[in-house]
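Each remark here refers to the structure printed beneath this line.
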Amino acid sequence: MPELPEVETVRRGLANRLDQFVITDLEVCRDRAIASPGGVECFQSGLINCRVGSWKRRGKYLFTELHRFGSVGSEASEESAGHWGVHLRMTGQFQWLEHDTPPCKHTRVRFWNAKGQELRFVDLRSFAEMWWVPPGVAVDSVITGLKKLGPEPFSQDFNSRYLQEKFKGSTRSIKAALLDQSVVAGTGNIYADESLFAAGIPPQKAAGELNRKQLERLRGCLIHILELSIGAGGTTFSDFRDLEGVNGNYGGQATVYRRTGLTCLVCGTTIKRMKIAGRSTHWCPQCQK
């Protein structure tokens with residue numbers, strides 16, 4: 001599943017390609033891709049003839065405000081037309097097409113502008129979701145998963161004091177805690193493993209046993225690694241692709257993730273793998289004590 005760096009890469013691609021993009025037509029190829037009330041019909045009527053605004057990311061969710069011209073037909077009469085939201089889930093990806101191209105069998109939704117340029121949404125596993133939120137309606141009242149998210153890793157609210165309070169008395173592993181979106185929004189399996197290695201913390205250690213100094217170090221490592229991956233355009237480890245069809249370059253920088261049986265780049269110890277919270281977890285027994 002795409003994690004924060006991959007979703008942020010998509011957000012930047014959408015912001016770049018869809019500047020002043022007006023949806024003149026759209027086609028929903030698979031009804032289950034639309035999760036908002038009213039289904040396909042409301043989604044289509046809500047988005048057609050709308051100009052796409054700036055894109056925002058919250059955790060692994062993407063959303064943008066829509067604008068529609070009023071009856072006068074001038075810029076001054078442009079009004080809010082609600083919001084368009086997306087969650088990529090495991091394999092959802094956007095593709096930008098300059099010319100008419102036949103869709104593949106995994107195409108779920110297609111958007112066109114007056115020039116015939118197409119934004120295509122493809123999803124191999126069909127778990128991704130899209131929403132239309134009507135104007136005047138709170139986005140999180142329709143995209144309800146937003147209410148369950150913890151702070152963003154880059155926010156001031158995500159600090160060692162917050163983590164210490166959140167983990168107080170907790171017996172679950174720190175790896176499982178980092179995967180919990182109500183603890184920190186956007187972190188997934190890859191960057192949890194990498195940040196725990198960088199911080200020198202074993203993934204199976206109980207979150208409630210970490211002291212303030214360890215939590216501060218973990219926070220700093222997580223932020224640093226997320227920044228590195230965003231700069232690399234995401235990871236090479238999944239089916240993730242940006243709008244141009246390119247996956248990221250972070251995979252070549254990974255220190256433990258998917259390096260089971262190889263030697264640690266720091267100490268030479270063999271990298272181990274175990275299951276924690278149902279996810280493959282990679283770690284160095286020597287560096288993470």
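Chain identifiers are assigned as A, B, and so on, following the order in which chains appear in the structure tokens; residues are numbered from 1 within each chain, and ligands are numbered from 1 in order of appearance.
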Near Ile174 in chain A, counting only C-alpha atoms, which residues have an atom at most 6 Å away, once you skip same-chain residues fewer than 6 positions from it, shown as a PDB file with C-alpha atoms, in the first residue's frame?
ATOM      1  CA  PRO A 203      10.386  -3.455  16.598  1.00  0.00           C
ATOM      2  CA  LYS A 205       9.686  -3.700  22.152  1.00  0.00           C
ATOM      3  CA  ALA A 206       6.551  -2.615  24.008  1.00  0.00           C
ATOM      4  CA  ALA A 207       5.663   0.969  23.111  1.00  0.00           C
TER       5      ALA A 207
END
Residue with smallest distance to His67 in chain A - pool A:Thr270, A:Gln20, A:Gln95, A:Gln44, counting only C-alpha atoms: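 For His67 in chain A, the nearest of the candidates is A:Gln20.
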Selected residue, from A:Val266, A:Leu218, A:Leu179, A:Leu66, that lies nearest to Asp19 in chain A when counting only C-alpha atoms: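 Closest residue, counting only C-alpha atoms: A:Leu66.
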Test item, strand (DSSP E) assignment across range 51-251 of chain A, answer as a PyMOL selection string: chain A and resi 51-58+61-68+79-87+92-97+107-112+118-123+129-133
Can you tell me, as a PDB file with C-alpha atoms, in the first residue's frame, what residues are no more than 10 Å from range 123-137 of chain A when counting only C-alpha atoms, ignoring any on the same chain fewer than 5 positions away?
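File produced: around20.pdb:
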ATOM      1  CA  ARG A  30     -16.532   0.386 -12.035  1.00  0.00           C
ATOM      2  CA  ARG A  32     -17.622   0.231  -6.502  1.00  0.00           C
ATOM      3  CA  ALA A  33     -14.851   2.813  -6.946  1.00  0.00           C
ATOM      4  CA  ILE A  34     -17.337   5.464  -5.789  1.00  0.00           C
ATOM      5  CA  ALA A  35     -17.910   5.403  -2.030  1.00  0.00           C
ATOM      6  CA  SER A  36     -19.854   8.632  -1.439  1.00  0.00           C
ATOM      7  CA  PRO A  37     -23.628   8.794  -0.845  1.00  0.00           C
ATOM      8  CA  GLY A  38     -25.664   8.805  -4.038  1.00  0.00           C
ATOM      9  CA  GLY A  39     -23.186   6.597  -5.839  1.00  0.00           C
ATOM     10  CA  VAL A  40     -22.072   7.095  -9.433  1.00  0.00           C
ATOM     11  CA  CYS A  42     -24.197  11.979  -7.715  1.00  0.00           C
ATOM     12  CA  PHE A  43     -20.449  11.691  -8.218  1.00  0.00           C
ATOM     13  CA  GLN A  44     -20.738  12.450 -11.928  1.00  0.00           C
ATOM     14  CA  SER A  45     -23.140  15.367 -11.536  1.00  0.00           C
ATOM     15  CA  GLY A  46     -21.045  16.729  -8.674  1.00  0.00           C
ATOM     16  CA  LEU A  47     -17.775  16.804 -10.639  1.00  0.00           C
ATOM     17  CA  TYR A  61      -6.123  10.539   1.840  1.00  0.00           C
ATOM     18  CA  LEU A  62      -6.136  13.100  -0.979  1.00  0.00           C
ATOM     19  CA  PHE A  63      -8.798  15.728  -1.557  1.00  0.00           C
ATOM     20  CA  THR A  64      -9.353  18.933  -3.476  1.00  0.00           C
ATOM     21  CA  GLU A  65     -11.942  21.698  -3.477  1.00  0.00           C
ATOM     22  CA  LEU A  66     -14.056  21.962  -6.619  1.00  0.00           C
ATOM     23  CA  HIS A  67     -15.194  25.214  -8.229  1.00  0.00           C
ATOM     24  CA  GLU A  79     -18.514  29.261  -6.502  1.00  0.00           C
ATOM     25  CA  SER A  80     -17.632  26.244  -4.406  1.00  0.00           C
ATOM     26  CA  ALA A  81     -18.884  22.942  -5.774  1.00  0.00           C
ATOM     27  CA  GLY A  82     -17.798  20.777  -2.854  1.00  0.00           C
ATOM     28  CA  HIS A  83     -14.794  18.468  -2.602  1.00  0.00           C
ATOM     29  CA  TRP A  84     -13.419  15.459  -4.446  1.00  0.00           C
ATOM     30  CA  GLY A  85     -11.643  12.903  -2.255  1.00  0.00           C
ATOM     31  CA  VAL A  86      -9.505   9.836  -3.040  1.00  0.00           C
ATOM     32  CA  HIS A  87      -7.857   6.994  -1.147  1.00  0.00           C
ATOM     33  CA  LEU A  88      -5.460   4.889  -3.240  1.00  0.00           C
ATOM     34  CA  ARG A  89      -5.636   1.857  -0.901  1.00  0.00           C
ATOM     35  CA  MET A  90      -3.296  -0.889  -2.132  1.00  0.00           C
ATOM     36  CA  THR A  91      -2.944  -0.418  -5.880  1.00  0.00           C
ATOM     37  CA  GLY A  92      -4.816   2.727  -6.947  1.00  0.00           C
ATOM     38  CA  GLN A  93      -2.900   5.055  -9.261  1.00  0.00           C
ATOM     39  CA  PHE A  94      -3.554   8.047 -11.506  1.00  0.00           C
ATOM     40  CA  LYS A 105      -9.286  -3.711 -17.906  1.00  0.00           C
ATOM     41  CA  HIS A 106      -8.313  -2.248 -14.526  1.00  0.00           C
ATOM     42  CA  THR A 107      -9.419   1.299 -15.405  1.00  0.00           C
ATOM     43  CA  ARG A 108     -11.957   2.487 -12.811  1.00  0.00           C
ATOM     44  CA  VAL A 109     -12.651   6.191 -13.497  1.00  0.00           C
ATOM     45  CA  VAL A 142     -18.489  11.939   4.237  1.00  0.00           C
ATOM     46  CA  ILE A 143     -14.886  10.686   4.211  1.00  0.00           C
ATOM     47  CA  ASP A 239       3.113  -1.261  -7.487  1.00  0.00           C
TER      48      ASP A 239
END
Close residues, Thr187 in chain A itself excluded, 10 Å, only C-alpha atoms, min 5 positions apart in chain, as a PyMOL selection string: chain A and resi 2-5+59-60+152-153+178-181+192+222+226
For those residues, write N, CA and C atoms to a file as a PDB file, in the first residue's frame.
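File result20.pdb, as written:
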ATOM      1  N   PRO A   2       0.553   2.211  -0.834  1.00  0.00           N
ATOM      2  CA  PRO A   2       1.297   3.481  -0.797  1.00  0.00           C
ATOM      3  C   PRO A   2       1.238   4.105   0.599  1.00  0.00           C
ATOM      4  N   GLU A   3       2.376   4.609   1.051  1.00  0.00           N
ATOM      5  CA  GLU A   3       2.443   5.271   2.347  1.00  0.00           C
ATOM      6  C   GLU A   3       2.589   6.769   2.130  1.00  0.00           C
ATOM      7  N   LEU A   4       2.805   7.497   3.195  1.00  0.00           N
ATOM      8  CA  LEU A   4       2.806   8.958   3.115  1.00  0.00           C
ATOM      9  C   LEU A   4       3.671   9.510   1.978  1.00  0.00           C
ATOM     10  N   PRO A   5       4.930   9.081   1.801  1.00  0.00           N
ATOM     11  CA  PRO A   5       5.735   9.650   0.715  1.00  0.00           C
ATOM     12  C   PRO A   5       5.161   9.409  -0.673  1.00  0.00           C
ATOM     13  N   GLY A  59      -2.851  12.232   5.981  1.00  0.00           N
ATOM     14  CA  GLY A  59      -2.521  10.817   6.083  1.00  0.00           C
ATOM     15  C   GLY A  59      -2.332  10.248   4.688  1.00  0.00           C
ATOM     16  N   LYS A  60      -3.105   9.230   4.352  1.00  0.00           N
ATOM     17  CA  LYS A  60      -3.044   8.617   3.024  1.00  0.00           C
ATOM     18  C   LYS A  60      -4.229   9.034   2.146  1.00  0.00           C
ATOM     19  N   GLU A 152      -0.200  14.531  11.824  1.00  0.00           N
ATOM     20  CA  GLU A 152       0.768  14.340  10.750  1.00  0.00           C
ATOM     21  C   GLU A 152       2.176  14.275  11.352  1.00  0.00           C
ATOM     22  N   PRO A 153       3.063  13.466  10.787  1.00  0.00           N
ATOM     23  CA  PRO A 153       4.420  13.370  11.333  1.00  0.00           C
ATOM     24  C   PRO A 153       5.155  14.713  11.369  1.00  0.00           C
ATOM     25  N   LEU A 178       3.263   2.167  15.460  1.00  0.00           N
ATOM     26  CA  LEU A 178       3.566   3.057  14.337  1.00  0.00           C
ATOM     27  C   LEU A 178       2.658   2.812  13.131  1.00  0.00           C
ATOM     28  N   LEU A 179       2.140   1.595  13.020  1.00  0.00           N
ATOM     29  CA  LEU A 179       1.226   1.280  11.920  1.00  0.00           C
ATOM     30  C   LEU A 179      -0.198   1.765  12.181  1.00  0.00           C
ATOM     31  N   ASP A 180      -0.477   2.142  13.412  1.00  0.00           N
ATOM     32  CA  ASP A 180      -1.806   2.605  13.810  1.00  0.00           C
ATOM     33  C   ASP A 180      -2.000   4.046  13.334  1.00  0.00           C
ATOM     34  N   GLN A 181      -2.922   4.252  12.397  1.00  0.00           N
ATOM     35  CA  GLN A 181      -3.129   5.584  11.822  1.00  0.00           C
ATOM     36  C   GLN A 181      -3.706   6.575  12.827  1.00  0.00           C
ATOM     37  N   ALA A 192       8.093   2.419   8.903  1.00  0.00           N
ATOM     38  CA  ALA A 192       8.169   2.012  10.310  1.00  0.00           C
ATOM     39  C   ALA A 192       9.448   1.203  10.540  1.00  0.00           C
ATOM     40  N   LEU A 222      11.928   9.128  12.041  1.00  0.00           N
ATOM     41  CA  LEU A 222      10.776   8.945  11.168  1.00  0.00           C
ATOM     42  C   LEU A 222      10.625  10.137  10.225  1.00  0.00           C
ATOM     43  N   LEU A 226      11.045   9.935   6.133  1.00  0.00           N
ATOM     44  CA  LEU A 226       9.919  10.341   5.282  1.00  0.00           C
ATOM     45  C   LEU A 226      10.345  11.451   4.331  1.00  0.00           C
TER      46      LEU A 226
END
Per-residue DSSP, range 46-163 of chain A, filtered to alpha helix (DSSP H), as an NGL selection string: :A and (46-47 or 139-142 or 160-163)
Restricting the output to N, CA and C atoms, write the selected residues as a short mmCIF file (atom, residue, chain, number, x, y, z; two decimals), in the first residue's frame.
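Okay, this is what ended up in part.cif:
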data_model
loop_
_atom_site.label_atom_id
_atom_site.label_comp_id
_atom_site.auth_asym_id
_atom_site.auth_seq_id
_atom_site.Cartn_x
_atom_site.Cartn_y
_atom_site.Cartn_z
N GLY A 46 -21.78 15.85 -9.57
CA GLY A 46 -21.05 16.73 -8.67
C GLY A 46 -19.74 17.23 -9.25
N LEU A 47 -19.09 16.44 -10.13
CA LEU A 47 -17.78 16.80 -10.64
C LEU A 47 -17.77 17.41 -12.04
N VAL A 139 -15.99 17.77 5.09
CA VAL A 139 -15.35 16.68 4.35
C VAL A 139 -15.30 15.41 5.18
N ASP A 140 -14.98 15.52 6.47
CA ASP A 140 -14.85 14.31 7.29
C ASP A 140 -16.18 13.68 7.68
N SER A 141 -17.29 14.35 7.36
CA SER A 141 -18.60 13.73 7.61
C SER A 141 -18.95 12.74 6.50
N VAL A 142 -18.29 12.87 5.35
CA VAL A 142 -18.49 11.94 4.24
C VAL A 142 -17.31 10.98 4.14
N SER A 160 7.55 14.11 21.27
CA SER A 160 7.84 13.07 22.26
C SER A 160 6.86 13.09 23.43
N ARG A 161 6.39 14.27 23.80
CA ARG A 161 5.41 14.37 24.89
C ARG A 161 4.11 13.67 24.50
N TYR A 162 3.67 13.94 23.27
CA TYR A 162 2.45 13.30 22.76
C TYR A 162 2.62 11.79 22.73
N LEU A 163 3.75 11.30 22.21
CA LEU A 163 3.98 9.87 22.10
C LEU A 163 4.05 9.21 23.47
#
Who sits within 12 Å of Phe158 in chain A, only C-alpha atoms, same chain under 4 positions skipped, as a list of chain:residue names: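 Neighbouring residues, sequence-local ones excluded: A:Gly150, A:Pro151, A:Glu152, A:Pro153, A:Phe154, A:Tyr162, A:Leu163, A:Gln164, A:Glu165, A:Lys166, A:Ser182, A:Val183, A:Val184, A:Ala185, A:Leu215, A:Glu216, A:Leu218, A:Arg219, A:Gly220, A:Leu222, A:Ile223.
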Produce a file of the selected residues containing C-alpha atoms, as a short mmCIF file (atom, residue, chain, number, x, y, z; two decimals), in the first residue's frame.
data_model
loop_
_atom_site.label_atom_id
_atom_site.label_comp_id
_atom_site.auth_asym_id
_atom_site.auth_seq_id
_atom_site.Cartn_x
_atom_site.Cartn_y
_atom_site.Cartn_z
CA GLY A 150 -3.66 10.97 14.43
CA PRO A 151 -1.37 13.96 13.87
CA GLU A 152 0.77 14.34 10.75
CA PRO A 153 4.42 13.37 11.33
CA PHE A 154 5.56 16.87 10.32
CA TYR A 162 2.45 13.30 22.76
CA LEU A 163 3.98 9.87 22.10
CA GLN A 164 4.80 9.29 25.75
CA GLU A 165 1.23 10.06 26.76
CA LYS A 166 -0.19 7.99 23.89
CA SER A 182 -4.73 7.00 14.97
CA VAL A 183 -1.23 7.37 16.45
CA VAL A 184 0.46 8.96 13.44
CA ALA A 185 -1.12 9.53 10.05
CA LEU A 215 10.71 8.58 21.59
CA GLU A 216 12.35 11.86 20.60
CA LEU A 218 12.30 7.84 16.93
CA ARG A 219 10.28 10.90 16.01
CA GLY A 220 13.32 12.57 14.45
CA LEU A 222 10.78 8.95 11.17
CA ILE A 223 10.57 12.53 9.94
#
Please identify all polymer residues within 12 Å of Val22 in chain A, counting only C-alpha atoms, omitting same-chain residues fewer than 3 positions from it, and present them as a compact mmCIF listing (two decimals) with C-alpha atoms, in the first residue's frame.
# COMPACT_ATOMS: atom_id res chain seq x y z
CA ARG A 17 -0.99 18.43 -13.95
CA LEU A 18 -4.45 19.62 -12.92
CA ASP A 19 -3.74 23.32 -12.52
CA ASP A 25 -16.66 14.75 -19.00
CA LEU A 26 -16.06 11.69 -16.87
CA LEU A 47 -17.78 16.80 -10.64
CA ILE A 48 -18.72 17.55 -14.26
CA ASN A 49 -18.02 21.15 -15.32
CA CYS A 50 -15.96 21.77 -12.18
CA ARG A 51 -12.51 23.32 -12.02
CA VAL A 52 -10.14 21.34 -9.82
CA GLY A 53 -8.56 23.38 -7.03
CA LEU A 66 -14.06 21.96 -6.62
CA HIS A 67 -15.19 25.21 -8.23
CA ARG A 68 -18.00 25.82 -10.70
CA PHE A 69 -18.94 28.95 -12.63
CA PHE A 111 -11.75 12.35 -16.41
CA TRP A 112 -11.37 14.61 -19.47
CA ASN A 113 -10.94 18.31 -20.07
CA ALA A 114 -11.98 20.31 -23.16
CA LYS A 115 -8.63 19.60 -24.84
CA GLY A 116 -9.22 15.85 -24.67
CA GLN A 117 -6.47 15.34 -22.10
CA GLU A 118 -7.35 12.53 -19.71
CA LEU A 119 -6.73 11.81 -16.07
